[in-house]
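A.B. asks: Quick one, model_28.cif (mmCIF, C-alpha atoms, pLDDT in the B column; chains and numbers go by the auth columns):
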```
data_model
#
loop_
_atom_site.group_PDB
_atom_site.id
_atom_site.type_symbol
_atom_site.label_atom_id
_atom_site.label_comp_id
_atom_site.label_asym_id
_atom_site.label_seq_id
_atom_site.Cartn_x
_atom_site.Cartn_y
_atom_site.Cartn_z
_atom_site.B_iso_or_equiv
_atom_site.auth_seq_id
_atom_site.auth_asym_id
ATOM 1 C CA MET A 1 6.304 13.462 -11.320 75.00 1 A
ATOM 2 C CA PRO A 2 5.364 10.021 -10.018 73.00 2 A
ATOM 3 C CA ALA A 3 7.583 7.173 -11.142 77.00 3 A
ATOM 4 C CA GLY A 4 6.100 5.365 -14.132 79.00 4 A
ATOM 5 C CA THR A 5 4.419 8.476 -15.572 85.00 5 A
ATOM 6 C CA SER A 6 4.918 9.058 -19.294 91.00 6 A
ATOM 7 C CA VAL A 7 5.974 12.296 -20.949 93.00 7 A
ATOM 8 C CA VAL A 8 3.990 12.959 -24.131 95.00 8 A
ATOM 9 C CA THR A 9 5.488 15.233 -26.796 95.00 9 A
ATOM 10 C CA ASN A 10 3.594 16.810 -29.707 95.00 10 A
ATOM 11 C CA GLY A 11 4.956 19.739 -31.641 93.00 11 A
ATOM 12 C CA ALA A 12 6.070 21.334 -34.859 93.00 12 A
ATOM 13 C CA ALA A 13 9.201 23.086 -36.061 92.00 13 A
ATOM 14 C CA SER A 14 9.407 25.937 -38.536 91.00 14 A
ATOM 15 C CA VAL A 15 11.534 23.784 -40.892 94.00 15 A
ATOM 16 C CA PRO A 16 11.495 20.085 -41.884 96.00 16 A
ATOM 17 C CA LEU A 17 13.309 17.832 -39.428 96.00 17 A
ATOM 18 C CA ALA A 18 15.450 14.728 -39.884 97.00 18 A
ATOM 19 C CA SER A 19 15.269 13.587 -36.249 96.00 19 A
ATOM 20 C CA ALA A 20 14.349 14.630 -32.725 96.00 20 A
ATOM 21 C CA THR A 21 15.161 13.139 -29.318 97.00 21 A
ATOM 22 C CA TRP A 22 14.895 13.914 -25.619 96.00 22 A
ATOM 23 C CA THR A 23 18.357 13.499 -24.075 96.00 23 A
ATOM 24 C CA LEU A 24 19.790 13.409 -20.562 95.00 24 A
ATOM 25 C CA ALA A 25 23.501 12.584 -20.389 92.00 25 A
ATOM 26 C CA SER A 26 23.830 9.205 -22.167 91.00 26 A
ATOM 27 C CA ARG A 27 20.060 8.542 -22.139 94.00 27 A
ATOM 28 C CA VAL A 28 18.313 9.137 -25.477 95.00 28 A
ATOM 29 C CA GLU A 29 14.573 8.872 -26.092 96.00 29 A
ATOM 30 C CA PRO A 30 13.747 9.138 -29.827 97.00 30 A
ATOM 31 C CA LEU A 31 10.654 10.938 -31.121 97.00 31 A
ATOM 32 C CA ARG A 32 8.775 10.254 -34.359 97.00 32 A
ATOM 33 C CA VAL A 33 9.425 12.885 -37.015 97.00 33 A
ATOM 34 C CA GLU A 34 7.275 13.525 -40.066 97.00 34 A
ATOM 35 C CA GLY A 35 8.275 16.656 -41.965 96.00 35 A
ATOM 36 C CA ARG A 36 7.971 19.470 -39.422 96.00 36 A
ATOM 37 C CA ARG A 37 5.930 17.452 -36.892 97.00 37 A
ATOM 38 C CA ILE A 38 7.368 15.626 -33.903 96.00 38 A
ATOM 39 C CA GLU A 39 5.567 13.335 -31.502 97.00 39 A
ATOM 40 C CA GLY A 40 6.304 10.592 -29.073 96.00 40 A
ATOM 41 C CA ARG A 41 6.062 9.237 -25.553 95.00 41 A
ATOM 42 C CA PHE A 42 8.630 8.011 -23.064 94.00 42 A
ATOM 43 C CA THR A 43 8.755 7.118 -19.384 92.00 43 A
ATOM 44 C CA PRO A 44 11.724 8.813 -17.711 92.00 44 A
ATOM 45 C CA GLN A 45 13.487 6.711 -15.080 89.00 45 A
ATOM 46 C CA VAL A 46 15.799 9.372 -13.638 89.00 46 A
ATOM 47 C CA THR A 47 15.581 12.923 -12.323 93.00 47 A
ATOM 48 C CA GLY A 48 17.280 15.614 -14.375 94.00 48 A
ATOM 49 C CA SER A 49 17.017 18.190 -17.135 95.00 49 A
ATOM 50 C CA TRP A 50 16.003 16.504 -20.372 96.00 50 A
ATOM 51 C CA ARG A 51 16.887 18.541 -23.477 96.00 51 A
ATOM 52 C CA LEU A 52 15.094 18.353 -26.818 95.00 52 A
ATOM 53 C CA HIS A 53 17.650 17.731 -29.557 95.00 53 A
ATOM 54 C CA ALA A 54 16.308 18.315 -33.074 95.00 54 A
ATOM 55 C CA VAL A 55 18.237 17.975 -36.351 95.00 55 A
ATOM 56 C CA THR A 56 16.953 19.778 -39.432 95.00 56 A
ATOM 57 C CA ALA A 57 16.544 17.919 -42.719 96.00 57 A
ATOM 58 C CA ASP A 58 19.212 20.077 -44.407 95.00 58 A
ATOM 59 C CA GLY A 59 21.580 20.042 -41.407 91.00 59 A
ATOM 60 C CA THR A 60 21.373 23.753 -40.587 91.00 60 A
ATOM 61 C CA PRO A 61 21.312 24.544 -36.864 88.00 61 A
ATOM 62 C CA LEU A 62 18.087 25.675 -35.223 89.00 62 A
ATOM 63 C CA GLU A 63 18.023 29.126 -33.659 88.00 63 A
ATOM 64 C CA GLY A 64 17.530 29.726 -29.965 88.00 64 A
ATOM 65 C CA ASP A 65 17.877 27.522 -26.933 91.00 65 A
ATOM 66 C CA ALA A 66 16.597 23.967 -27.039 89.00 66 A
ATOM 67 C CA PRO A 67 13.536 23.296 -24.853 92.00 67 A
ATOM 68 C CA GLU A 68 14.248 21.548 -21.550 94.00 68 A
ATOM 69 C CA LEU A 69 12.165 19.455 -19.176 94.00 69 A
ATOM 70 C CA HIS A 70 13.267 19.686 -15.548 95.00 70 A
ATOM 71 C CA LEU A 71 11.902 16.488 -13.995 93.00 71 A
ATOM 72 C CA LEU A 72 11.943 15.235 -10.431 92.00 72 A
ATOM 73 C CA ILE A 73 11.003 11.546 -10.316 89.00 73 A
ATOM 74 C CA VAL A 74 9.174 10.627 -7.102 85.00 74 A
ATOM 75 C CA PRO A 75 8.847 6.944 -6.152 82.00 75 A
ATOM 76 C CA ASP A 76 5.372 5.459 -6.006 80.00 76 A
ATOM 77 C CA SER A 77 4.015 5.207 -2.474 83.00 77 A
ATOM 78 C CA ALA A 78 2.284 2.125 -1.113 86.00 78 A
ATOM 79 C CA PRO A 79 -1.527 2.134 -0.881 88.00 79 A
ATOM 80 C CA VAL A 80 -2.990 2.872 2.560 92.00 80 A
ATOM 81 C CA VAL A 81 -5.908 0.832 3.933 91.00 81 A
ATOM 82 C CA THR A 82 -7.684 1.728 7.182 91.00 82 A
ATOM 83 C CA LEU A 83 -10.709 0.168 8.864 90.00 83 A
ATOM 84 C CA PRO A 84 -12.620 2.984 10.634 90.00 84 A
ATOM 85 C CA VAL A 85 -15.590 0.698 11.427 88.00 85 A
ATOM 86 C CA PRO A 86 -15.633 -1.202 13.684 87.00 86 A
ATOM 87 C CA GLY A 87 -13.890 1.209 16.051 84.00 87 A
ATOM 88 C CA ARG A 88 -12.022 0.349 19.224 83.00 88 A
ATOM 89 C CA ASP A 89 -13.901 -1.398 22.005 83.00 89 A
ATOM 90 C CA THR A 90 -16.735 -2.435 19.678 84.00 90 A
ATOM 91 C CA THR A 91 -19.027 -5.099 21.089 85.00 91 A
ATOM 92 C CA LEU A 92 -20.162 -7.711 18.624 85.00 92 A
ATOM 93 C CA PRO A 93 -23.979 -7.888 18.335 86.00 93 A
ATOM 94 C CA ILE A 94 -25.897 -11.068 19.158 90.00 94 A
ATOM 95 C CA SER A 95 -26.173 -11.853 15.423 91.00 95 A
ATOM 96 C CA LEU A 96 -22.366 -12.124 15.383 88.00 96 A
ATOM 97 C CA ARG A 97 -22.382 -9.901 12.289 90.00 97 A
ATOM 98 C CA GLN A 98 -20.454 -6.659 12.259 89.00 98 A
ATOM 99 C CA GLN A 99 -20.492 -3.933 9.631 88.00 99 A
ATOM 100 C CA LEU A 100 -17.062 -3.304 8.168 90.00 100 A
ATOM 101 C CA VAL A 101 -15.951 -0.076 6.456 90.00 101 A
ATOM 102 C CA ALA A 102 -12.639 0.060 4.605 88.00 102 A
ATOM 103 C CA ASP A 103 -10.971 3.296 3.481 89.00 103 A
ATOM 104 C CA VAL A 104 -8.445 2.766 0.657 89.00 104 A
ATOM 105 C CA ARG A 105 -6.150 5.483 -0.714 89.00 105 A
ATOM 106 C CA ASP A 106 -3.348 5.536 -3.259 86.00 106 A
ATOM 107 C CA ASP A 107 -1.342 8.354 -4.861 79.00 107 A
ATOM 108 C CA HIS A 108 -2.341 7.050 -8.327 75.00 108 A
ATOM 109 C CA GLY A 109 -5.991 6.536 -7.349 76.00 109 A
ATOM 110 C CA ILE A 110 -8.143 3.456 -6.944 78.00 110 A
ATOM 111 C CA THR A 111 -9.973 2.200 -10.019 77.00 111 A
ATOM 112 C CA ARG A 112 -11.582 -1.060 -8.955 71.00 112 A
ATOM 113 C CA PRO A 113 -11.710 -3.483 -6.038 65.00 113 A
ATOM 114 C CA ALA A 114 -9.162 -6.276 -6.037 63.00 114 A
ATOM 115 C CA SER A 115 -10.519 -9.582 -7.264 62.00 115 A
#
```
If you took the structure in this file and wrote it as structure tokens, what would it be?
C.D. replies:
Amino acid sequence: MPAGTSVVTNGAASVPLASATWTLASRVEPLRVEGRRIEGRFTPQVTGSWRLHAVTADGTPLEGDAPELHLLIVPDSAPVVTLPVPGRDTTLPISLRQQLVADVRDDHGITRPAS
């Protein structure tokens, strides 16, 4: 996943919960809990296997394995700008005006021209 991308969590348990978090080693990202519902958003900064840790309202353990997110964080790449027009060996017209074409690309996309 590209660096800076958020992970969105929405879900429900079969029993009321007291708390829920995504954890990776000492990193803890809390989720909002309301009864059986959990939701939240966080932006992971490191690669690894994040595990969902949920605590039931009455303290009984949940059955089964906890869900895991196996994330690989990829750094953002720099935008690329090329000028295909004018090409090499272009002769400037007598008006001294030349058409210019710019091609702009970015791994997150381009939304608007710079101001």
A.B. asks: Pick out the residues sitting within 6 Å of region 63-78 of chain A, and hand them over as a list of chain:residue names; count all atoms listed in the file, and ignore anything fewer than 3 positions along from it in its own chain.
C.D. replies: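 In the requested format, the answer is A:Met1, A:Pro2, A:Ala3, A:Thr47, A:Gly48, A:Ser49, A:Trp50, A:Arg51, A:Leu52.
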A.B. asks: If we count all atoms listed in the file and set the cut-off at 8 Å, which residues sit around region 9-20 of chain A, ignoring sequence neighbours fewer than 6 positions away in its own chain? Please answer as a list in words.
C.D. replies: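 Residues near the query, excluding close chain neighbours: Pro30, Leu31, Arg32, Val33, Glu34, Gly35, Arg36, Arg37, Ile38, Glu39, Gly40, Arg41, Leu52, His53, Ala54, Val55, Thr56, Ala57 and Asp58 of chain A.
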A.B. asks: Nearest residue to Val8 (chain A) out of A:Thr21, A:Thr91, A:Val28, A:Phe42, using all atoms listed in the file?
C.D. replies: A:Phe42
A.B. asks: Take every atom of region 19-25 of chain A listed in the file, fit an axis-aligned box around them, add 5 Å per side, and give the centre and edge lengths in Å to one decimal as JSON.
C.D. replies:
```
{"center_x": 18.9, "center_y": 13.6, "center_z": -28.3, "size_x": 19.2, "size_y": 12.0, "size_z": 25.9}
```
A.B. asks: Kindly provide the residues of region 67-91 of chain A that approach region 98-113 of chain A to within 6 Å, each paired with its closest atom pair and their distance in Å to one decimal, based on all atoms listed in the file, listed by chain and increasing number, as JSON lines.
C.D. replies:
```
{"residue": "A:Pro79", "atom": "CA", "partner": "A:Asp106", "partner_atom": "CA", "distance": 4.5}
{"residue": "A:Val80", "atom": "CA", "partner": "A:Arg105", "partner_atom": "CA", "distance": 5.2}
{"residue": "A:Val81", "atom": "CA", "partner": "A:Val104", "partner_atom": "CA", "distance": 4.6}
{"residue": "A:Thr82", "atom": "CA", "partner": "A:Asp103", "partner_atom": "CA", "distance": 5.2}
{"residue": "A:Leu83", "atom": "CA", "partner": "A:Ala102", "partner_atom": "CA", "distance": 4.7}
{"residue": "A:Val85", "atom": "CA", "partner": "A:Val101", "partner_atom": "CA", "distance": 5.0}
```
A.B. asks: How many Å separate CA of Arg27 (chain A) from CA of Pro44 (chain A)?
C.D. replies: 9.4 Å
A.B. asks: What does the distance from CA of Gln45 (chain A) to CA of Leu24 (chain A) come to in Å, to one decimal?
C.D. replies: 10.7 Å
A.B. asks: Could you state the separation of CA of Thr43 (chain A) and CA of Gly59 (chain A) in Å, given to one decimal place?
C.D. replies: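 Taking CA of Thr43 (chain A) and CA of Gly59 (chain A), their separation equals 28.6 Å.
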